[in-house]
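Coordinates from model.pdb are shown below (PDB, C-alpha atoms).
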MODEL        1
ATOM      1  CA  MET D  25       5.162  16.785   3.909
ATOM      2  CA  ARG D  26       7.995  14.243   3.849
ATOM      3  CA  PRO D  27       7.440  10.957   5.702
ATOM      4  CA  GLN D  28       9.706  10.258   8.664
ATOM      5  CA  PHE D  29      11.869   7.151   8.732
ATOM      6  CA  HIS D  30      11.221   5.089  11.865
ATOM      7  CA  LYS D  31      13.712   2.562  13.210
ATOM      8  CA  LEU D  32      11.634   0.071  15.156
ATOM      9  CA  PRO D  33      12.942  -1.568  18.343
ATOM     10  CA  LEU D  34      13.028  -5.335  18.733
ATOM     11  CA  SER D  35      12.657  -7.212  21.980
ATOM     12  CA  THR D  36      15.592  -9.344  23.085
ATOM     13  CA  ASP D  37      13.334 -12.410  23.208
ATOM     14  CA  ALA D  38      11.688 -12.062  19.788
ATOM     15  CA  SER D  39      12.643 -11.971  16.095
ATOM     16  CA  PHE D  40       9.785  -9.631  15.226
ATOM     17  CA  LEU D  41       7.843  -6.844  16.909
ATOM     18  CA  PHE D  42       4.359  -7.498  18.294
ATOM     19  CA  MET D  43       2.446  -4.768  20.084
ATOM     20  CA  SER D  44      -1.030  -4.063  21.374
ATOM     21  CA  TRP D  45      -1.580  -0.308  21.459
ATOM     22  CA  GLU D  46      -4.233   1.564  23.427
ATOM     23  CA  CYS D  47      -4.372   5.355  23.651
ATOM     24  CA  SER D  48      -6.697   8.343  23.420
ATOM     25  CA  TYR D  49      -5.862   8.735  19.720
ATOM     26  CA  PHE D  50      -3.240   7.463  17.271
ATOM     27  CA  ASP D  51      -0.302   9.863  17.386
ATOM     28  CA  LYS D  52       2.203   8.319  14.957
ATOM     29  CA  PRO D  53       3.189  10.827  12.226
ATOM     30  CA  TRP D  54       3.369  10.206   8.470
ATOM     31  CA  HIS D  55       6.206   7.653   8.481
ATOM     32  CA  PHE D  56       7.763   4.580   6.909
ATOM     33  CA  HIS D  57      10.093   1.749   7.946
ATOM     34  CA  LYS D  58      11.957  -1.158   6.381
ATOM     35  CA  GLU D  59       9.724  -3.782   8.005
ATOM     36  CA  TYR D  60       6.501  -5.339   6.758
ATOM     37  CA  GLU D  61       3.574  -4.273   8.938
ATOM     38  CA  LEU D  62       0.350  -6.133   9.646
ATOM     39  CA  VAL D  63      -1.997  -3.817  11.521
ATOM     40  CA  LEU D  64      -5.460  -4.416  12.948
ATOM     41  CA  ILE D  65      -7.671  -1.517  14.021
ATOM     42  CA  GLU D  66      -9.350  -3.101  17.012
ATOM     43  CA  ASN D  67     -11.330  -0.058  18.116
ATOM     44  CA  SER D  68     -11.171   3.310  16.392
ATOM     45  CA  GLU D  69     -12.224   5.265  13.326
ATOM     46  CA  GLY D  70     -10.724   7.943  11.153
ATOM     47  CA  THR D  71      -8.790   8.385   7.915
ATOM     48  CA  ARG D  72      -5.870   6.259   6.779
ATOM     49  CA  PHE D  73      -3.136   7.463   4.438
ATOM     50  CA  ILE D  74      -1.103   4.647   2.854
ATOM     51  CA  GLY D  75       1.256   5.603   0.046
ATOM     52  CA  ASP D  76      -0.885   7.405  -2.535
ATOM     53  CA  HIS D  77      -4.156   6.063  -1.094
ATOM     54  CA  VAL D  78      -6.638   7.765   1.246
ATOM     55  CA  ALA D  79      -9.634   5.988   2.805
ATOM     56  CA  ASN D  80     -11.668   5.818   5.982
ATOM     57  CA  PHE D  81     -10.902   3.163   8.604
ATOM     58  CA  SER D  82     -13.024   1.703  11.405
ATOM     59  CA  ASN D  83     -13.195  -1.275  13.765
ATOM     60  CA  GLY D  84     -11.832  -4.461  12.200
ATOM     61  CA  ASN D  85      -9.795  -2.803   9.446
ATOM     62  CA  LEU D  86      -6.832  -5.097   8.673
ATOM     63  CA  VAL D  87      -4.001  -4.277   6.268
ATOM     64  CA  LEU D  88      -0.597  -5.677   5.318
ATOM     65  CA  ILE D  89       1.827  -2.903   4.340
ATOM     66  CA  GLY D  90       5.098  -3.652   2.552
ATOM     67  CA  PRO D  91       8.481  -2.125   3.465
ATOM     68  CA  ASN D  92       9.166   1.583   2.940
ATOM     69  CA  ILE D  93       5.555   2.509   2.196
ATOM     70  CA  PRO D  94       4.696   5.739   4.076
ATOM     71  CA  HIS D  95       1.512   5.537   6.113
ATOM     72  CA  LEU D  96      -0.532   7.272   8.780
ATOM     73  CA  PHE D  97      -3.735   6.469  10.667
ATOM     74  CA  ARG D  98      -5.407   9.668  11.873
ATOM     75  CA  ASN D  99      -8.469   9.558  14.105
ATOM     76  CA  ASN D 100     -11.587  11.616  13.530
ATOM     77  CA  GLU D 101     -11.518  15.034  15.165
ATOM     78  CA  HIS D 102     -13.661  14.147  18.191
ATOM     79  CA  TYR D 103     -10.900  11.785  19.397
ATOM     80  CA  TYR D 104      -8.741  14.844  20.102
ATOM     81  CA  GLU D 105     -11.313  16.557  22.316
ATOM     82  CA  ASN D 106     -10.401  14.698  25.535
ATOM     83  CA  ASN D 107     -13.827  13.066  25.795
ATOM     84  CA  GLY D 108     -12.723   9.651  27.042
ATOM     85  CA  LEU D 109     -12.607   7.844  23.703
ATOM     86  CA  THR D 110     -10.061   5.059  23.228
ATOM     87  CA  ALA D 111      -8.167   4.041  20.101
ATOM     88  CA  LYS D 112      -6.882   0.452  20.062
ATOM     89  CA  SER D 113      -4.783  -1.404  17.522
ATOM     90  CA  ILE D 114      -2.666  -4.537  17.305
ATOM     91  CA  PHE D 115       0.268  -4.604  14.951
ATOM     92  CA  LEU D 116       3.373  -6.588  14.177
ATOM     93  CA  HIS D 117       6.501  -5.809  12.180
ATOM     94  CA  PHE D 118       8.940  -8.236  10.604
ATOM     95  CA  THR D 119      11.652  -8.242   7.943
ATOM     96  CA  ASP D 120      12.510 -10.625   5.109
ATOM     97  CA  CYS D 121      15.202 -12.204   7.250
ATOM     98  CA  PHE D 122      13.413 -12.341  10.619
ATOM     99  CA  LEU D 123      13.973 -16.129  10.601
ATOM    100  CA  GLY D 124      17.334 -16.051   8.814
ATOM    101  CA  ASN D 125      18.465 -15.005   5.362
ATOM    102  CA  SER D 126      17.380 -18.185   3.586
ATOM    103  CA  PHE D 127      14.134 -19.108   5.360
ATOM    104  CA  LEU D 128      11.759 -17.422   2.916
ATOM    105  CA  GLY D 129      13.707 -19.000   0.069
ATOM    106  CA  LEU D 130      12.682 -22.507   1.127
ATOM    107  CA  PRO D 131      10.308 -24.330  -1.259
ATOM    108  CA  GLU D 132       7.703 -24.594   1.499
ATOM    109  CA  MET D 133       7.628 -20.811   1.796
ATOM    110  CA  GLU D 134       7.124 -19.994  -1.894
ATOM    111  CA  MET D 135       3.503 -18.888  -1.473
ATOM    112  CA  VAL D 136       4.420 -16.686   1.499
ATOM    113  CA  ARG D 137       7.215 -15.141  -0.554
ATOM    114  CA  LYS D 138       4.732 -14.296  -3.306
ATOM    115  CA  LEU D 139       2.346 -12.842  -0.725
ATOM    116  CA  LEU D 140       5.048 -10.547   0.616
ATOM    117  CA  ASP D 141       5.881  -9.437  -2.927
ATOM    118  CA  LYS D 142       2.227  -8.459  -3.352
ATOM    119  CA  SER D 143       2.364  -6.370  -0.190
ATOM    120  CA  SER D 144       4.505  -3.847  -2.095
ATOM    121  CA  LEU D 145       1.130  -2.450  -3.186
ATOM    122  CA  GLY D 146      -0.455  -2.873   0.258
ATOM    123  CA  LEU D 147      -3.191  -5.423   0.948
ATOM    124  CA  ASP D 148      -6.615  -4.625   2.421
ATOM    125  CA  ILE D 149      -7.850  -7.887   3.988
ATOM    126  CA  TYR D 150     -11.565  -8.678   4.257
ATOM    127  CA  GLY D 151     -14.080 -11.520   4.663
ATOM    128  CA  GLU D 152     -13.431 -14.728   6.563
ATOM    129  CA  THR D 153      -9.688 -14.181   6.195
ATOM    130  CA  ASN D 154     -10.039 -10.925   8.091
ATOM    131  CA  HIS D 155     -12.008 -12.641  10.879
ATOM    132  CA  TYR D 156      -9.501 -15.483  11.190
ATOM    133  CA  ILE D 157      -6.425 -13.248  11.309
ATOM    134  CA  ARG D 158      -8.137 -10.750  13.593
ATOM    135  CA  GLN D 159      -8.769 -13.467  16.180
ATOM    136  CA  LYS D 160      -5.216 -14.798  15.851
ATOM    137  CA  LEU D 161      -3.820 -11.328  16.571
ATOM    138  CA  ILE D 162      -6.063 -10.895  19.603
ATOM    139  CA  ASP D 163      -4.986 -14.300  20.944
ATOM    140  CA  MET D 164      -1.298 -13.462  20.376
ATOM    141  CA  GLN D 165      -1.490 -10.870  23.160
ATOM    142  CA  PHE D 166      -1.515 -13.701  25.684
ATOM    143  CA  GLU D 167       0.992 -16.059  24.037
ATOM    144  CA  SER D 168       4.635 -16.754  24.784
ATOM    145  CA  PRO D 169       7.280 -15.535  22.294
ATOM    146  CA  THR D 170       7.617 -19.052  20.844
ATOM    147  CA  LYS D 171       3.878 -19.451  20.363
ATOM    148  CA  ARG D 172       3.666 -15.985  18.823
ATOM    149  CA  LEU D 173       6.220 -16.995  16.218
ATOM    150  CA  LEU D 174       4.140 -20.024  15.261
ATOM    151  CA  SER D 175       1.037 -17.844  15.141
ATOM    152  CA  LEU D 176       2.737 -15.397  12.781
ATOM    153  CA  LEU D 177       3.705 -18.229  10.433
ATOM    154  CA  ASP D 178       0.150 -19.505  10.574
ATOM    155  CA  ILE D 179      -1.198 -16.044   9.699
ATOM    156  CA  LEU D 180       1.161 -15.673   6.733
ATOM    157  CA  THR D 181       0.441 -19.131   5.329
ATOM    158  CA  PHE D 182      -3.312 -18.642   5.785
ATOM    159  CA  LEU D 183      -3.255 -15.282   4.016
ATOM    160  CA  ALA D 184      -1.000 -16.666   1.259
ATOM    161  CA  THR D 185      -3.702 -19.187   0.301
ATOM    162  CA  SER D 186      -6.558 -16.656   0.458
ATOM    163  CA  ASN D 187      -7.959 -14.374  -2.215
ATOM    164  CA  GLU D 188      -9.874 -12.186   0.241
ATOM    165  CA  TYR D 189      -7.774  -9.054  -0.150
ATOM    166  CA  LYS D 190      -7.483  -6.163  -2.561
ATOM    167  CA  TYR D 191      -4.565  -3.954  -3.478
ATOM    168  CA  ILE D 192      -4.434  -0.560  -1.777
ATOM    169  CA  LEU D 193      -1.954   1.422  -3.868
ATOM    170  CA  SER D 194      -2.002   2.399  -7.513
ATOM    171  CA  SER D 195       0.228   0.293  -9.740
ATOM    172  CA  GLY D 196       2.418   3.311 -10.346
ATOM    173  CA  PHE D 197       3.511   3.496  -6.721
ATOM    174  CA  THR D 198       5.855   0.513  -7.054
ATOM    175  CA  ALA D 199       5.684  -0.236 -10.742
ATOM    176  CA  ASN D 200       8.668  -2.535 -11.165
ATOM    177  CA  ASN D 201       8.588  -4.756  -8.096
ATOM    178  CA  SER D 202       7.106  -7.966  -9.359
ATOM    179  CA  TYR D 203       7.600  -8.409 -13.077
ATOM    180  CA  ASP D 204       9.976 -11.118 -14.096
ATOM    181  CA  THR D 205      10.717 -10.595 -17.787
ATOM    182  CA  ASP D 206      13.145  -8.203 -19.437
ATOM    183  CA  ARG D 207      10.589  -7.271 -22.057
ATOM    184  CA  ILE D 208       7.855  -6.143 -19.686
ATOM    185  CA  ASN D 209      10.433  -4.330 -17.559
ATOM    186  CA  THR D 210      11.506  -2.438 -20.676
ATOM    187  CA  VAL D 211       7.901  -1.385 -21.230
ATOM    188  CA  LEU D 212       7.365  -0.329 -17.615
ATOM    189  CA  GLN D 213      10.598   1.641 -17.536
ATOM    190  CA  PHE D 214       9.595   3.418 -20.739
ATOM    191  CA  ILE D 215       6.251   4.337 -19.198
ATOM    192  CA  MET D 216       7.879   5.583 -16.003
ATOM    193  CA  LYS D 217      10.216   7.837 -18.021
ATOM    194  CA  ASN D 218       7.530   9.224 -20.301
ATOM    195  CA  TYR D 219       4.177   9.230 -18.483
ATOM    196  CA  THR D 220       4.215  13.003 -18.007
ATOM    197  CA  SER D 221       3.881  13.429 -21.773
ATOM    198  CA  GLU D 222       1.745  11.750 -24.421
ATOM    199  CA  ILE D 223       2.514   8.021 -24.785
ATOM    200  CA  TYR D 224       1.427   6.195 -27.907
ATOM    201  CA  ILE D 225       0.819   2.466 -27.659
ATOM    202  CA  GLU D 226       1.866   2.086 -31.308
ATOM    203  CA  GLU D 227       5.335   3.385 -30.475
ATOM    204  CA  ILE D 228       5.921   0.834 -27.708
ATOM    205  CA  ALA D 229       4.477  -2.028 -29.754
ATOM    206  CA  THR D 230       6.882  -1.149 -32.559
ATOM    207  CA  LYS D 231       9.833  -1.161 -30.160
ATOM    208  CA  LEU D 232       8.942  -4.749 -29.228
ATOM    209  CA  ASN D 233       8.238  -5.817 -32.813
ATOM    210  CA  MET D 234       4.627  -6.568 -31.909
ATOM    211  CA  SER D 235       1.308  -5.543 -33.361
ATOM    212  CA  VAL D 236      -0.834  -3.234 -31.243
ATOM    213  CA  ALA D 237      -3.339  -6.039 -30.612
ATOM    214  CA  SER D 238      -0.619  -8.508 -29.568
ATOM    215  CA  PHE D 239       1.056  -5.954 -27.353
ATOM    216  CA  SER D 240      -2.271  -5.098 -25.687
ATOM    217  CA  ARG D 241      -2.891  -8.751 -24.823
ATOM    218  CA  TYR D 242       0.707  -9.156 -23.640
ATOM    219  CA  PHE D 243       0.543  -6.074 -21.425
ATOM    220  CA  LYS D 244      -2.767  -7.013 -19.845
ATOM    221  CA  HIS D 245      -1.498 -10.550 -19.145
ATOM    222  CA  HIS D 246       1.434  -9.154 -17.126
ATOM    223  CA  THR D 247      -0.256  -6.255 -15.363
ATOM    224  CA  ARG D 248      -3.938  -7.287 -15.185
ATOM    225  CA  LYS D 249      -4.756  -3.849 -16.620
ATOM    226  CA  THR D 250      -5.130  -2.311 -20.039
ATOM    227  CA  PHE D 251      -2.310  -0.073 -21.214
ATOM    228  CA  SER D 252      -4.376   3.090 -20.809
ATOM    229  CA  GLN D 253      -5.564   2.054 -17.322
ATOM    230  CA  TYR D 254      -1.990   1.447 -16.212
ATOM    231  CA  VAL D 255      -0.662   4.761 -17.527
ATOM    232  CA  THR D 256      -3.593   6.618 -15.952
ATOM    233  CA  GLU D 257      -2.936   4.987 -12.557
ATOM    234  CA  ILE D 258       0.719   5.999 -12.699
ATOM    235  CA  ARG D 259      -0.288   9.557 -13.522
ATOM    236  CA  ILE D 260      -2.806   9.607 -10.671
ATOM    237  CA  GLY D 261      -0.191   8.185  -8.280
ATOM    238  CA  HIS D 262       2.285  10.882  -9.327
ATOM    239  CA  SER D 263      -0.315  13.600  -8.897
ATOM    240  CA  CYS D 264      -1.086  12.298  -5.384
ATOM    241  CA  LYS D 265       2.577  12.662  -4.514
ATOM    242  CA  LEU D 266       2.609  16.246  -5.803
ATOM    243  CA  LEU D 267      -0.589  17.062  -3.908
ATOM    244  CA  MET D 268       1.032  15.792  -0.695
ATOM    245  CA  GLU D 269       4.146  17.914  -1.249
ATOM    246  CA  ASP D 270       2.009  21.063  -1.730
ATOM    247  CA  ASN D 271       4.487  22.830  -4.041
ATOM    248  CA  TYR D 272       2.102  23.340  -6.986
ATOM    249  CA  ASN D 273      -1.505  24.283  -7.521
ATOM    250  CA  ILE D 274      -3.945  21.695  -8.839
ATOM    251  CA  SER D 275      -3.893  23.005 -12.397
ATOM    252  CA  GLU D 276      -0.097  22.724 -12.516
ATOM    253  CA  ILE D 277      -0.218  19.226 -11.018
ATOM    254  CA  CYS D 278      -2.705  18.158 -13.693
ATOM    255  CA  TYR D 279      -0.267  18.949 -16.509
ATOM    256  CA  LEU D 280       2.873  17.890 -14.624
ATOM    257  CA  SER D 281       1.259  14.457 -14.234
ATOM    258  CA  GLY D 282       0.619  14.020 -17.947
ATOM    259  CA  PHE D 283      -3.085  14.910 -18.223
ATOM    260  CA  GLU D 284      -4.187  17.060 -21.140
ATOM    261  CA  ASN D 285      -6.960  18.983 -19.377
ATOM    262  CA  LEU D 286      -8.433  19.540 -15.923
ATOM    263  CA  SER D 287     -11.795  17.906 -16.569
ATOM    264  CA  ASN D 288     -10.127  14.683 -17.692
ATOM    265  CA  TYR D 289      -7.815  14.795 -14.653
ATOM    266  CA  TYR D 290     -10.678  15.382 -12.202
ATOM    267  CA  ARG D 291     -12.749  12.587 -13.752
ATOM    268  CA  HIS D 292      -9.969   9.982 -13.531
ATOM    269  CA  PHE D 293      -8.885  11.140 -10.059
ATOM    270  CA  GLN D 294     -12.413  10.923  -8.663
ATOM    271  CA  LYS D 295     -12.891   7.457 -10.145
ATOM    272  CA  LYS D 296      -9.587   6.102  -8.784
ATOM    273  CA  VAL D 297      -9.306   7.856  -5.416
ATOM    274  CA  GLY D 298     -12.954   8.413  -4.511
ATOM    275  CA  MET D 299     -12.627  12.163  -4.040
ATOM    276  CA  ASN D 300     -11.476  15.112  -6.113
ATOM    277  CA  PRO D 301      -7.876  16.438  -5.994
ATOM    278  CA  LYS D 302      -8.842  19.484  -3.923
ATOM    279  CA  GLU D 303     -10.431  17.323  -1.215
ATOM    280  CA  TYR D 304      -7.497  14.889  -1.279
ATOM    281  CA  LYS D 305      -5.035  17.725  -0.758
ATOM    282  CA  LYS D 306      -7.130  19.261   2.012
ATOM    283  CA  ARG D 307      -7.494  15.962   3.904
ATOM    284  CA  PHE D 308      -3.789  15.168   3.682
ATOM    285  CA  LEU D 309      -2.520  18.617   4.615
ATOM    286  CA  SER D 310      -4.883  18.758   7.602
ATOM    287  CA  ILE D 311      -2.663  16.173   9.340
ATOM    288  CA  ALA D 312       0.345  18.475   9.306
TER     289      ALA D 312
ENDMDL
END
When written as structure tokens, how does the structure in this file appear?
Amino acid sequence: MRPQFHKLPLSTDASFLFMSWECSYFDKPWHFHKEYELVLIENSEGTRFIGDHVANFSNGNLVLIGPNIPHLFRNNEHYYENNGLTAKSIFLHFTDCFLGNSFLGLPEMEMVRKLLDKSSLGLDIYGETNHYIRQKLIDMQFESPTKRLLSLLDILTFLATSNEYKYILSSGFTANNSYDTDRINTVLQFIMKNYTSEIYIEEIATKLNMSVASFSRYFKHHTRKTFSQYVTEIRIGHSCKLLMEDNYNISEICYLSGFENLSNYYRHFQKKVGMNPKEYKKRFLSIA
């Protein structure tokens, strides 16, 4: 199922979109938009689909989603039975230039800029940072547009100095967004072109005139993962995409994604995603 592109409306008195949403159940389809999205699940539970990631959500779930990442929050089935349940969320959307083209380029905003770069893999926010931002979002419902702007800047600067978040998506989902050297980009591009077949670390090391040991250290320094972990995540991310499209059976997807056998594919998929490919496909297609 292809995600729908959503063009979000802006108020005439605001540079970003802030909304408190209350309904019987979340009804937004599988969609994406050009804006960053910070979304708090104030009261609800169900399954969230973000890029190639599937997980449960419940009260207090807080995530920052980068631009153009498809996502969907689907409530558990009993929300659709007209039994008086309420789903509540607070979310805001903003672009890189919501305060002008050069604002995020200011020296004072460097940490925020880096935070937004990280959101290209989605950020799941927890701990005291979650509690602080959650309260700020609740308070923003009663603030003037000017005060809301200041609150948004406070949220971004607070989150930029925190380490209480984890990445949501596999590294393969947006592999080339944040690396700043030509050499590592060459490696990542090679992986992206060849991950569906066997990739030998010796071959890439030779291309860069490095020993295997030196290349391994170099790669882990830039990606925070071993070479094999990174390639496996890209293959899992690709297989998730194929499972969502529902054009192939699971055995075909295994080999189209670069895995040599089904048992190896199932083992890595279960470890990364938390469920097997069959269950992943079933849960995603049930939203259609």
Under the PyMOL selection byres ((chain D and resi 102) around 12), which residues of this model are included? Write them out as a compact mmCIF listing (two decimals) with C-alpha atoms, in the coordinates of the input.
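Output (result_29.txt):
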# COMPACT_ATOMS: atom_id res chain seq x y z
CA SER D 48 -6.70 8.34 23.42
CA TYR D 49 -5.86 8.74 19.72
CA SER D 68 -11.17 3.31 16.39
CA GLU D 69 -12.22 5.26 13.33
CA GLY D 70 -10.72 7.94 11.15
CA ARG D 98 -5.41 9.67 11.87
CA ASN D 99 -8.47 9.56 14.10
CA ASN D 100 -11.59 11.62 13.53
CA GLU D 101 -11.52 15.03 15.16
CA TYR D 103 -10.90 11.78 19.40
CA TYR D 104 -8.74 14.84 20.10
CA GLU D 105 -11.31 16.56 22.32
CA ASN D 106 -10.40 14.70 25.54
CA ASN D 107 -13.83 13.07 25.80
CA GLY D 108 -12.72 9.65 27.04
CA LEU D 109 -12.61 7.84 23.70
CA THR D 110 -10.06 5.06 23.23
CA ALA D 111 -8.17 4.04 20.10
Which of these residues is nearest to Lys142 of chain D, using all atoms listed in the file: D:Leu174, D:Leu266, D:Leu193, D:Met164?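 Closest residue, counting all atoms listed in the file: D:Leu193.
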The PyMOL selection byres ((chain D and resi 117-131) around 10) resolved against shown file, as a ChimeraX atom specification: /D:32-34,38-43,57-63,88-91,115-116,132-138,140,173,176
Atom CA of Ile228 of chain D and atom CA of Val211 of chain D, how far apart in Å?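 The value is 7.1 Å.
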Which residue gives the smallest distance to Tyr242 of chain D among D:Cys264, D:Phe166, D:Ala184, D:Ile208, with all atoms listed in the file counted?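 Of the candidates, the smallest distance to Tyr242 of chain D is held by D:Ile208.
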Test item: the PyMOL selection byres ((chain D and resi 301-311) around 7) resolved as JSON, numbers by chain: {"D": [267, 268, 290, 293, 299, 300, 312]}
Between atom CA of Gly282 of chain D and atom CA of Phe239 of chain D - distance in Å to one decimal: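 Computing the Euclidean distance for atom CA of Phe239 of chain D and atom CA of Gly282 of chain D yields 22.1 Å.
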Within 8 Å of (-8.4, -3.3, 17.5) (file coordinates; all atoms listed in the file), which protein or nucleic acid residues are there? I'd like them as a list in words.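 Counting all atoms listed in the file, I find these residues within 8 Å of (-8.4, -3.3, 17.5): Leu64, Ile65, Glu66, Asn67, Ser68, Asn83, Gly84, Ala111, Lys112, Ser113 and Ile114 of chain D.
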Across D:Ser168, D:Asn85, D:Thr71, D:Gln213, the smallest distance to Gly151 of chain D, with all atoms listed in the file counted, is shown by D:Asn85
Rank D:Lys160, D:Lys249, D:Trp54, D:Arg72 by their smallest atom-to-atom distance to Arg172 of chain D, using only C-alpha atoms, and report the top residue only.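 Result for the nearest residue to Arg172 of chain D: D:Lys160.
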Find the residue from D:Thr153, D:Ser44, D:Ser240, D:Gln28 that sits nearest to Leu96 of chain D; use all atoms listed in the file when measuring. D:Gln28
Out of D:Ile179, D:Leu286, D:Val87, D:Ile192, which residue has the shortest atom-to-atom distance to Asn273 of chain D when counting only C-alpha atoms?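 The answer is D:Leu286, which sits nearest to Asn273 of chain D.
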All residues 12 Å or closer to Asn187 of chain D, all atoms listed in the file, same chain fewer than 4 positions away omitted, as number ranges by chain: D: 139, 142, 147-154, 182-183, 191
Take the residues just selected and output them with C-alpha atoms as an mmCIF file, keeping the file's coordinate frame.
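Result saved to selection29.cif:
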data_model
loop_
_atom_site.group_PDB
_atom_site.id
_atom_site.type_symbol
_atom_site.label_atom_id
_atom_site.label_comp_id
_atom_site.auth_asym_id
_atom_site.auth_seq_id
_atom_site.Cartn_x
_atom_site.Cartn_y
_atom_site.Cartn_z
ATOM 1 C CA LEU D 139 2.346 -12.842 -0.725
ATOM 2 C CA LYS D 142 2.227 -8.459 -3.352
ATOM 3 C CA LEU D 147 -3.191 -5.423 0.948
ATOM 4 C CA ASP D 148 -6.615 -4.625 2.421
ATOM 5 C CA ILE D 149 -7.850 -7.887 3.988
ATOM 6 C CA TYR D 150 -11.565 -8.678 4.257
ATOM 7 C CA GLY D 151 -14.080 -11.520 4.663
ATOM 8 C CA GLU D 152 -13.431 -14.728 6.563
ATOM 9 C CA THR D 153 -9.688 -14.181 6.195
ATOM 10 C CA ASN D 154 -10.039 -10.925 8.091
ATOM 11 C CA PHE D 182 -3.312 -18.642 5.785
ATOM 12 C CA LEU D 183 -3.255 -15.282 4.016
ATOM 13 C CA TYR D 191 -4.565 -3.954 -3.478
#
